[in-house]
Amino acid sequence: LCLDYPTAVSIVAANVAKQDPELAALLCGVLEKCSGCPEQKEVLGAEEGFYITALVNVAYSGLCDDVDGAMRLTIATTVANLAECMTNQMVFAAEGLNLLPVLAYFCHTAPAESSIRVAVTAALHYLALFPPNIITLGSTELHFVELLVGILANEVRNELAVVNALSVLCQLAADTTNREVLSDSELGLLPLLVCELRGKDSKSKIYACAILSYAAAVPANHVLMAELDFGLLTELVQLLLTCTNKMAEYSCSILRSLSADEGNRYSMAQDRLGLLPALVTVVGNDSAHPRARANACATVCNLAVPPVNRHKMADPALGLLRALISVVRTDLGEALVNATAALSYLALAPENISLLMSPEFNIIETLKAV
């Protein structure tokens, strides 16, 4: 029906909304069903088809003020289906279309556990995949950031909506212009992300860790994020001991950023935190993700800068020297550079010299081979 009469269906849906709500609802239902067909997504999303304009007009007609929210769900689901198509992502975020304010209103007024929030956040997830949309979605006028953070903060959670919200926030955080806004203490996102790391959903944890890695790239966040009471370092230690390569990659990226701050280096190396043994598991793992291993070695290097840390870092019981030597002997990438730099700092402690020169480590011969 939609393909044979593309203009008729959409224009009728838009024009009869006030006069005949039941007919408009049926026509919007047709659009929703057709939007689930992969081969029709591009056609239905095209500007000249009027479909999306029709849905927006229906939304503004008052028809979507239905008590059970069925019409809102129909429209949000249609938009989410069509937004999967890359060619539609730019069109849907256009200012003149006024679709984004509709989605923001739907999300803001929907109950926390509602399927409407799942559909809206799914649509935002796809729209955020188109880089030029990032600025629009992060705009303070639309309040999407606050809405997404609110989904994470709500005690009544819809896990699909949470994953979608984290996905959008991750895309926004990838743009450097959004990071200070997302890190604002009044917004309250960072503590919520730490809570997500304690959860069971692997997708949520990966997105949360990725967003935190972007936030850690902002120097102004270093003090807060490295505070023991904040809880992030404790969670990262657990992740390094138990997580997959992807999680280790993001975790080590965060640690590298935080350890770059001189004020954090002493506290991060404290025995009670357990970070050094956790780093050893990555540095000494030949099958670890190359970026995770490189960042772990860089973190070790940063922590070895303060003289007070060097002796305990070279303790044979810790196994860090053995792990660094292994990197020097087997790695040819960035991890090698960072490991040799870490060893150079550890060698500045006179009490470590005899250990480094011992037959077990034979640092001179090892470095000659490099």
# chains A, B, ... in the order shown; residues from 1 in each chain; ligands from 1
>>> select_by_dssp(residues="stretch 121-203 of chain A", states="alpha helix (DSSP H)", output="PyMOL selection string")
chain A and resi 121-127+133-137+144-153+159-173+179-182+189-197+202-203
>>> closest_residue(among="A:Leu232, A:Leu26, A:Cys195, A:Val283", to="A:Ala70", atoms="only C-alpha atoms")
A:Leu26
>>> closest_residue(among="A:Asn158, A:Ser253, A:Asn245, A:Thr74", to="A:Ala59", atoms="only C-alpha atoms")
A:Thr74
>>> residues_around(residues="stretch 285-294 of chain A", least_positions_apart="6", cutoff="9 Å", atoms="only C-alpha atoms", output="list in words")
Asn245, Lys246, Met247, Ala248, Glu249, Tyr250, Ser251, Cys252, Ser253, Leu279, Ala323, Ser326, Val327, Thr330, Asp331, Gly333, Glu334, Ala335, Leu336, Val337, Asn338 and Ala339 of chain A
>>> write_last_selection(atoms="all heavy atoms", output="compact mmCIF listing (two decimals), in the first residue's frame")
# COMPACT_ATOMS: atom_id res chain seq x y z
N ASN A 245 38.95 -8.58 26.60
CA ASN A 245 39.93 -7.68 26.01
C ASN A 245 39.39 -6.27 25.81
O ASN A 245 40.09 -5.29 26.02
CB ASN A 245 40.41 -8.23 24.66
CG ASN A 245 41.62 -9.14 24.82
OD1 ASN A 245 42.26 -9.14 25.87
ND2 ASN A 245 41.93 -9.90 23.80
N LYS A 246 38.11 -6.17 25.38
CA LYS A 246 37.53 -4.86 25.11
C LYS A 246 37.44 -4.04 26.39
O LYS A 246 37.77 -2.85 26.41
CB LYS A 246 36.13 -5.02 24.49
CG LYS A 246 35.61 -3.76 23.80
CD LYS A 246 36.47 -3.42 22.59
CE LYS A 246 35.94 -2.21 21.84
NZ LYS A 246 36.84 -1.81 20.75
N MET A 247 37.00 -4.66 27.45
CA MET A 247 36.91 -3.95 28.72
C MET A 247 38.29 -3.58 29.23
O MET A 247 38.49 -2.51 29.80
CB MET A 247 36.18 -4.83 29.74
CG MET A 247 34.71 -5.03 29.44
SD MET A 247 33.78 -3.50 29.60
CE MET A 247 33.84 -3.27 31.36
N ALA A 248 39.26 -4.47 29.06
CA ALA A 248 40.63 -4.18 29.49
C ALA A 248 41.20 -3.00 28.72
O ALA A 248 41.92 -2.16 29.27
CB ALA A 248 41.51 -5.41 29.31
N GLU A 249 40.86 -2.93 27.44
CA GLU A 249 41.34 -1.82 26.61
C GLU A 249 40.85 -0.48 27.15
O GLU A 249 41.64 0.47 27.33
CB GLU A 249 40.87 -2.02 25.17
CG GLU A 249 41.31 -0.91 24.23
CD GLU A 249 40.70 -1.06 22.85
OE1 GLU A 249 40.14 -2.14 22.56
OE2 GLU A 249 40.77 -0.09 22.06
N TYR A 250 39.54 -0.38 27.43
CA TYR A 250 38.99 0.87 27.95
C TYR A 250 39.51 1.15 29.36
O TYR A 250 39.82 2.29 29.71
CB TYR A 250 37.47 0.81 27.96
CG TYR A 250 36.82 0.90 26.60
CD1 TYR A 250 35.86 -0.01 26.20
CD2 TYR A 250 37.19 1.91 25.71
CE1 TYR A 250 35.27 0.07 24.94
CE2 TYR A 250 36.60 2.00 24.45
CZ TYR A 250 35.64 1.08 24.08
OH TYR A 250 35.06 1.16 22.83
N SER A 251 39.60 0.10 30.19
CA SER A 251 40.04 0.28 31.57
C SER A 251 41.46 0.82 31.62
O SER A 251 41.77 1.74 32.39
CB SER A 251 39.96 -1.05 32.33
OG SER A 251 38.64 -1.53 32.39
N CYS A 252 42.33 0.25 30.81
CA CYS A 252 43.72 0.70 30.79
C CYS A 252 43.85 2.10 30.21
O CYS A 252 44.75 2.86 30.60
CB CYS A 252 44.58 -0.29 30.01
SG CYS A 252 44.79 -1.88 30.85
N SER A 253 42.96 2.45 29.30
CA SER A 253 42.96 3.81 28.76
C SER A 253 42.63 4.82 29.87
O SER A 253 43.27 5.88 29.97
CB SER A 253 41.94 3.93 27.62
OG SER A 253 41.81 5.26 27.20
N LEU A 279 47.53 -4.58 37.11
CA LEU A 279 48.27 -4.16 35.91
C LEU A 279 49.24 -5.25 35.45
O LEU A 279 49.45 -5.44 34.25
CB LEU A 279 49.04 -2.87 36.20
CG LEU A 279 48.19 -1.59 36.30
CD1 LEU A 279 49.03 -0.44 36.84
CD2 LEU A 279 47.59 -1.23 34.94
N ALA A 323 57.22 -9.06 34.25
CA ALA A 323 56.26 -8.76 33.18
C ALA A 323 56.83 -7.72 32.21
O ALA A 323 56.67 -7.86 30.99
CB ALA A 323 54.95 -8.26 33.79
N SER A 326 59.40 -9.24 30.02
CA SER A 326 58.74 -10.06 29.00
C SER A 326 58.29 -9.21 27.82
O SER A 326 58.42 -9.62 26.66
CB SER A 326 57.54 -10.79 29.62
OG SER A 326 56.81 -11.48 28.63
N VAL A 327 57.75 -8.02 28.11
CA VAL A 327 57.33 -7.10 27.05
C VAL A 327 58.53 -6.69 26.20
O VAL A 327 58.48 -6.70 24.96
CB VAL A 327 56.63 -5.86 27.64
CG1 VAL A 327 56.36 -4.84 26.53
CG2 VAL A 327 55.34 -6.24 28.32
N THR A 330 59.57 -9.50 23.86
CA THR A 330 58.63 -10.09 22.89
C THR A 330 57.82 -9.07 22.08
O THR A 330 57.28 -9.43 21.04
CB THR A 330 57.63 -11.01 23.60
OG1 THR A 330 56.88 -10.26 24.56
CG2 THR A 330 58.37 -12.14 24.33
N ASP A 331 57.71 -7.83 22.55
CA ASP A 331 56.83 -6.86 21.89
C ASP A 331 57.63 -5.91 21.02
O ASP A 331 58.76 -5.54 21.36
CB ASP A 331 56.04 -6.07 22.94
CG ASP A 331 54.78 -5.44 22.36
OD1 ASP A 331 54.92 -4.50 21.56
OD2 ASP A 331 53.68 -5.89 22.70
N GLY A 333 55.87 -3.10 19.57
CA GLY A 333 55.03 -1.92 19.38
C GLY A 333 55.18 -0.88 20.48
O GLY A 333 56.23 -0.75 21.12
N GLU A 334 54.09 -0.16 20.74
CA GLU A 334 54.10 0.91 21.73
C GLU A 334 54.35 0.36 23.13
O GLU A 334 54.97 1.04 23.97
CB GLU A 334 52.75 1.64 21.71
CG GLU A 334 52.70 2.85 22.64
CD GLU A 334 51.33 3.47 22.72
OE1 GLU A 334 50.42 3.05 21.97
OE2 GLU A 334 51.15 4.38 23.57
N ALA A 335 53.91 -0.86 23.39
CA ALA A 335 54.14 -1.45 24.71
C ALA A 335 55.63 -1.55 25.01
O ALA A 335 56.06 -1.33 26.15
CB ALA A 335 53.49 -2.83 24.79
N LEU A 336 56.43 -1.86 24.00
CA LEU A 336 57.89 -1.94 24.18
C LEU A 336 58.46 -0.59 24.62
O LEU A 336 59.27 -0.51 25.55
CB LEU A 336 58.54 -2.40 22.87
CG LEU A 336 60.07 -2.27 22.79
CD1 LEU A 336 60.73 -3.15 23.84
CD2 LEU A 336 60.56 -2.63 21.39
N VAL A 337 58.04 0.48 23.95
CA VAL A 337 58.51 1.81 24.29
C VAL A 337 58.15 2.17 25.74
O VAL A 337 58.98 2.66 26.51
CB VAL A 337 57.92 2.86 23.33
CG1 VAL A 337 58.35 4.28 23.72
CG2 VAL A 337 58.33 2.57 21.90
N ASN A 338 56.90 1.89 26.10
CA ASN A 338 56.43 2.24 27.44
C ASN A 338 57.08 1.38 28.52
O ASN A 338 57.36 1.86 29.62
CB ASN A 338 54.91 2.11 27.51
CG ASN A 338 54.20 3.07 26.58
OD1 ASN A 338 54.75 4.10 26.22
ND2 ASN A 338 52.99 2.73 26.17
N ALA A 339 57.33 0.11 28.18
CA ALA A 339 57.95 -0.79 29.16
C ALA A 339 59.40 -0.39 29.43
O ALA A 339 59.85 -0.40 30.59
CB ALA A 339 57.89 -2.23 28.66
>>> residues_around(residues="A:Lys41", least_positions_apart="6", cutoff="9 Å", atoms="only C-alpha atoms", output="PyMOL selection string")
chain A and resi 34-35+81-85+88
>>> closest_residue(among="A:Leu44, A:Pro191, A:Gly150, A:Val218", to="A:Phe230", atoms="only C-alpha atoms")
A:Pro191
>>> residues_around(residues="A:Gln238", least_positions_apart="4", cutoff="10 Å", atoms="only C-alpha atoms", output="PyMOL selection string")
chain A and resi 197-198+233-234+242-243+274-275+278
>>> residues_around(residues="A:Glu196", least_positions_apart="3", cutoff="6 Å", atoms="only C-alpha atoms", output="list in words")
Leu193, Gly199 and Lys205 of chain A
>>> atom_distance(atom1="atom CA of A:Leu276", atom2="atom CA of A:Arg179")
28.5 Å
>>> residues_around(residues="A:Ala341", least_positions_apart="5", cutoff="12 Å", atoms="only C-alpha atoms", output="VMD selection string")
chain A and resid 294 297 to 305 324 to 325 327 to 328 334 to 336 346 to 348 367
>>> write_last_selection(atoms="N, CA, C and O atoms", output="compact mmCIF listing (two decimals), in the first residue's frame")
# COMPACT_ATOMS: atom_id res chain seq x y z
N ALA A 294 49.76 -1.76 25.89
CA ALA A 294 50.53 -0.52 25.77
C ALA A 294 50.12 0.50 26.83
O ALA A 294 50.96 1.15 27.46
N CYS A 297 51.33 -0.58 30.30
CA CYS A 297 52.75 -0.27 30.46
C CYS A 297 52.95 1.23 30.68
O CYS A 297 53.81 1.65 31.47
N ALA A 298 52.16 2.05 29.98
CA ALA A 298 52.26 3.51 30.15
C ALA A 298 51.82 3.91 31.56
O ALA A 298 52.41 4.81 32.18
N THR A 299 50.79 3.24 32.08
CA THR A 299 50.34 3.51 33.44
C THR A 299 51.43 3.16 34.45
O THR A 299 51.71 3.92 35.38
N VAL A 300 52.05 2.00 34.24
CA VAL A 300 53.16 1.59 35.12
C VAL A 300 54.28 2.62 35.06
O VAL A 300 54.86 2.99 36.09
N CYS A 301 54.58 3.09 33.87
CA CYS A 301 55.63 4.10 33.70
C CYS A 301 55.30 5.37 34.48
O CYS A 301 56.15 5.93 35.18
N ASN A 302 54.05 5.82 34.38
CA ASN A 302 53.62 7.02 35.11
C ASN A 302 53.73 6.82 36.63
O ASN A 302 54.17 7.71 37.35
N LEU A 303 53.34 5.64 37.09
CA LEU A 303 53.37 5.37 38.53
C LEU A 303 54.81 5.22 39.04
O LEU A 303 55.06 5.37 40.25
N ALA A 304 55.74 4.92 38.14
CA ALA A 304 57.14 4.76 38.55
C ALA A 304 57.87 6.09 38.62
O ALA A 304 59.03 6.13 39.06
N VAL A 305 57.24 7.16 38.21
CA VAL A 305 57.90 8.48 38.24
C VAL A 305 58.19 8.93 39.68
O VAL A 305 59.31 9.36 39.98
N LEU A 324 57.49 -6.69 32.74
CA LEU A 324 58.07 -5.65 31.88
C LEU A 324 59.19 -6.23 31.01
O LEU A 324 59.30 -5.90 29.82
N ILE A 325 60.02 -7.06 31.60
CA ILE A 325 61.09 -7.71 30.84
C ILE A 325 60.51 -8.56 29.72
O ILE A 325 61.03 -8.61 28.60
N VAL A 327 57.75 -8.02 28.11
CA VAL A 327 57.33 -7.10 27.05
C VAL A 327 58.53 -6.69 26.20
O VAL A 327 58.48 -6.70 24.96
N VAL A 328 59.63 -6.35 26.87
CA VAL A 328 60.83 -5.91 26.16
C VAL A 328 61.37 -7.00 25.24
O VAL A 328 61.86 -6.74 24.14
N GLU A 334 54.09 -0.16 20.74
CA GLU A 334 54.10 0.91 21.73
C GLU A 334 54.35 0.36 23.13
O GLU A 334 54.97 1.04 23.97
N ALA A 335 53.91 -0.86 23.39
CA ALA A 335 54.14 -1.45 24.71
C ALA A 335 55.63 -1.55 25.01
O ALA A 335 56.06 -1.33 26.15
N LEU A 336 56.43 -1.86 24.00
CA LEU A 336 57.89 -1.94 24.18
C LEU A 336 58.46 -0.59 24.62
O LEU A 336 59.27 -0.51 25.55
N LEU A 346 62.43 2.75 37.17
CA LEU A 346 62.67 1.81 38.27
C LEU A 346 64.17 1.65 38.54
O LEU A 346 64.60 1.43 39.68
N ALA A 347 64.97 1.80 37.50
CA ALA A 347 66.42 1.68 37.65
C ALA A 347 67.03 2.88 38.36
O ALA A 347 68.20 2.83 38.78
N LEU A 348 66.27 3.96 38.51
CA LEU A 348 66.78 5.13 39.21
C LEU A 348 66.84 4.92 40.72
O LEU A 348 67.48 5.70 41.44
N LEU A 367 68.30 -5.27 27.21
CA LEU A 367 68.22 -4.00 26.49
C LEU A 367 69.14 -3.99 25.26
O LEU A 367 68.84 -3.34 24.25
>>> closest_residue(among="A:Ser204, A:Val162, A:Phe106, A:Leu148", to="A:Leu182", atoms="only C-alpha atoms")
A:Leu148
>>> closest_atom_pairs(of="stretch 32-80 of chain A", to="stretch 115-122 of chain A", cutoff="9 Å", atoms="only C-alpha atoms", output="tab-separated table")
residue	atom	partner	partner_atom	distance
A:Gly69	CA	A:Ile116	CA	7.9
A:Ala70	CA	A:Ile116	CA	8.7
A:Arg72	CA	A:Ile116	CA	6.9
A:Leu73	CA	A:Ile116	CA	5.0
A:Thr74	CA	A:Ile116	CA	8.6
A:Ile75	CA	A:Ala119	CA	9.0
A:Ala76	CA	A:Ala119	CA	5.4
A:Thr77	CA	A:Ala119	CA	5.2
A:Thr78	CA	A:Ala119	CA	8.6
A:Val79	CA	A:Val120	CA	8.1
A:Ala80	CA	A:Ala122	CA	5.7
>>> atom_distance(atom1="atom CA of A:Val223", atom2="atom CA of A:Asn264")
7.1 Å
>>> decode(residues="stretch 148-163 of chain A", atoms="all heavy atoms", output="compact mmCIF listing (two decimals), in the first residue's frame")
# COMPACT_ATOMS: atom_id res chain seq x y z
N LEU A 148 18.64 11.22 28.77
CA LEU A 148 19.37 9.96 28.76
C LEU A 148 19.96 9.65 30.13
O LEU A 148 19.92 8.50 30.59
CB LEU A 148 20.48 10.03 27.70
CG LEU A 148 19.99 10.17 26.26
CD1 LEU A 148 21.16 10.47 25.33
CD2 LEU A 148 19.28 8.91 25.79
N VAL A 149 20.49 10.67 30.78
CA VAL A 149 21.03 10.48 32.13
C VAL A 149 19.90 10.10 33.09
O VAL A 149 20.08 9.25 33.98
CB VAL A 149 21.76 11.74 32.62
CG1 VAL A 149 22.16 11.61 34.09
CG2 VAL A 149 23.00 12.00 31.76
N GLY A 150 18.73 10.70 32.89
CA GLY A 150 17.58 10.37 33.72
C GLY A 150 17.17 8.91 33.59
O GLY A 150 16.74 8.29 34.57
N ILE A 151 17.32 8.34 32.41
CA ILE A 151 17.01 6.92 32.21
C ILE A 151 17.96 6.05 33.03
O ILE A 151 17.55 5.05 33.64
CB ILE A 151 17.10 6.57 30.71
CG1 ILE A 151 15.95 7.22 29.95
CG2 ILE A 151 17.10 5.05 30.50
CD1 ILE A 151 16.01 7.04 28.45
N LEU A 152 19.23 6.45 33.10
CA LEU A 152 20.20 5.69 33.89
C LEU A 152 19.93 5.82 35.39
O LEU A 152 20.15 4.89 36.16
CB LEU A 152 21.63 6.18 33.60
CG LEU A 152 22.12 6.16 32.16
CD1 LEU A 152 23.57 6.58 32.09
CD2 LEU A 152 21.95 4.77 31.55
N ALA A 153 19.46 7.01 35.78
CA ALA A 153 19.29 7.30 37.21
C ALA A 153 18.00 6.72 37.79
O ALA A 153 17.89 6.54 39.01
CB ALA A 153 19.31 8.81 37.44
N ASN A 154 17.03 6.42 36.92
CA ASN A 154 15.72 5.99 37.41
C ASN A 154 15.80 4.61 38.05
O ASN A 154 16.41 3.69 37.50
CB ASN A 154 14.72 5.96 36.25
CG ASN A 154 13.29 6.10 36.74
OD1 ASN A 154 12.85 5.34 37.59
ND2 ASN A 154 12.58 7.08 36.22
N GLU A 155 15.20 4.46 39.21
CA GLU A 155 15.21 3.18 39.90
C GLU A 155 14.41 2.12 39.13
O GLU A 155 14.72 0.93 39.20
CB GLU A 155 14.63 3.34 41.31
CG GLU A 155 15.51 4.17 42.23
CD GLU A 155 14.95 4.25 43.64
OE1 GLU A 155 13.89 3.64 43.88
OE2 GLU A 155 15.56 4.93 44.48
N VAL A 156 13.36 2.57 38.42
CA VAL A 156 12.60 1.66 37.57
C VAL A 156 13.25 1.66 36.20
O VAL A 156 13.18 2.64 35.47
CB VAL A 156 11.13 2.11 37.46
CG1 VAL A 156 10.34 1.13 36.60
CG2 VAL A 156 10.50 2.23 38.84
N ARG A 157 13.91 0.57 35.86
CA ARG A 157 14.74 0.56 34.65
C ARG A 157 14.19 -0.38 33.59
O ARG A 157 13.68 -1.45 33.89
CB ARG A 157 16.17 0.11 35.00
CG ARG A 157 16.94 1.10 35.84
CD ARG A 157 18.13 0.42 36.51
NE ARG A 157 19.08 -0.14 35.58
CZ ARG A 157 20.16 0.48 35.14
NH1 ARG A 157 20.43 1.71 35.55
NH2 ARG A 157 21.00 -0.10 34.31
N ASN A 158 14.29 0.07 32.35
CA ASN A 158 14.08 -0.81 31.22
C ASN A 158 15.48 -1.02 30.62
O ASN A 158 16.09 -0.08 30.11
CB ASN A 158 13.14 -0.16 30.19
CG ASN A 158 12.83 -1.09 29.04
OD1 ASN A 158 13.72 -1.64 28.41
ND2 ASN A 158 11.54 -1.26 28.75
N GLU A 159 16.00 -2.23 30.72
CA GLU A 159 17.39 -2.48 30.38
C GLU A 159 17.71 -2.16 28.93
O GLU A 159 18.81 -1.70 28.61
CB GLU A 159 17.77 -3.93 30.70
CG GLU A 159 17.81 -4.24 32.19
CD GLU A 159 18.76 -3.33 32.97
OE1 GLU A 159 19.80 -2.95 32.42
OE2 GLU A 159 18.44 -3.00 34.12
N LEU A 160 16.76 -2.38 28.01
CA LEU A 160 17.01 -2.04 26.61
C LEU A 160 17.16 -0.53 26.45
O LEU A 160 18.03 -0.06 25.71
CB LEU A 160 15.86 -2.55 25.74
CG LEU A 160 15.82 -4.05 25.46
CD1 LEU A 160 14.57 -4.41 24.67
CD2 LEU A 160 17.07 -4.47 24.69
N ALA A 161 16.32 0.23 27.15
CA ALA A 161 16.42 1.68 27.09
C ALA A 161 17.75 2.15 27.69
O ALA A 161 18.37 3.10 27.19
CB ALA A 161 15.25 2.33 27.83
N VAL A 162 18.20 1.49 28.75
CA VAL A 162 19.48 1.84 29.39
C VAL A 162 20.64 1.62 28.42
O VAL A 162 21.52 2.48 28.27
CB VAL A 162 19.68 1.02 30.68
CG1 VAL A 162 21.12 1.16 31.19
CG2 VAL A 162 18.71 1.47 31.75
N VAL A 163 20.64 0.47 27.76
CA VAL A 163 21.72 0.17 26.80
C VAL A 163 21.71 1.19 25.66
O VAL A 163 22.77 1.69 25.24
CB VAL A 163 21.59 -1.27 26.25
CG1 VAL A 163 22.57 -1.50 25.10
CG2 VAL A 163 21.83 -2.28 27.35
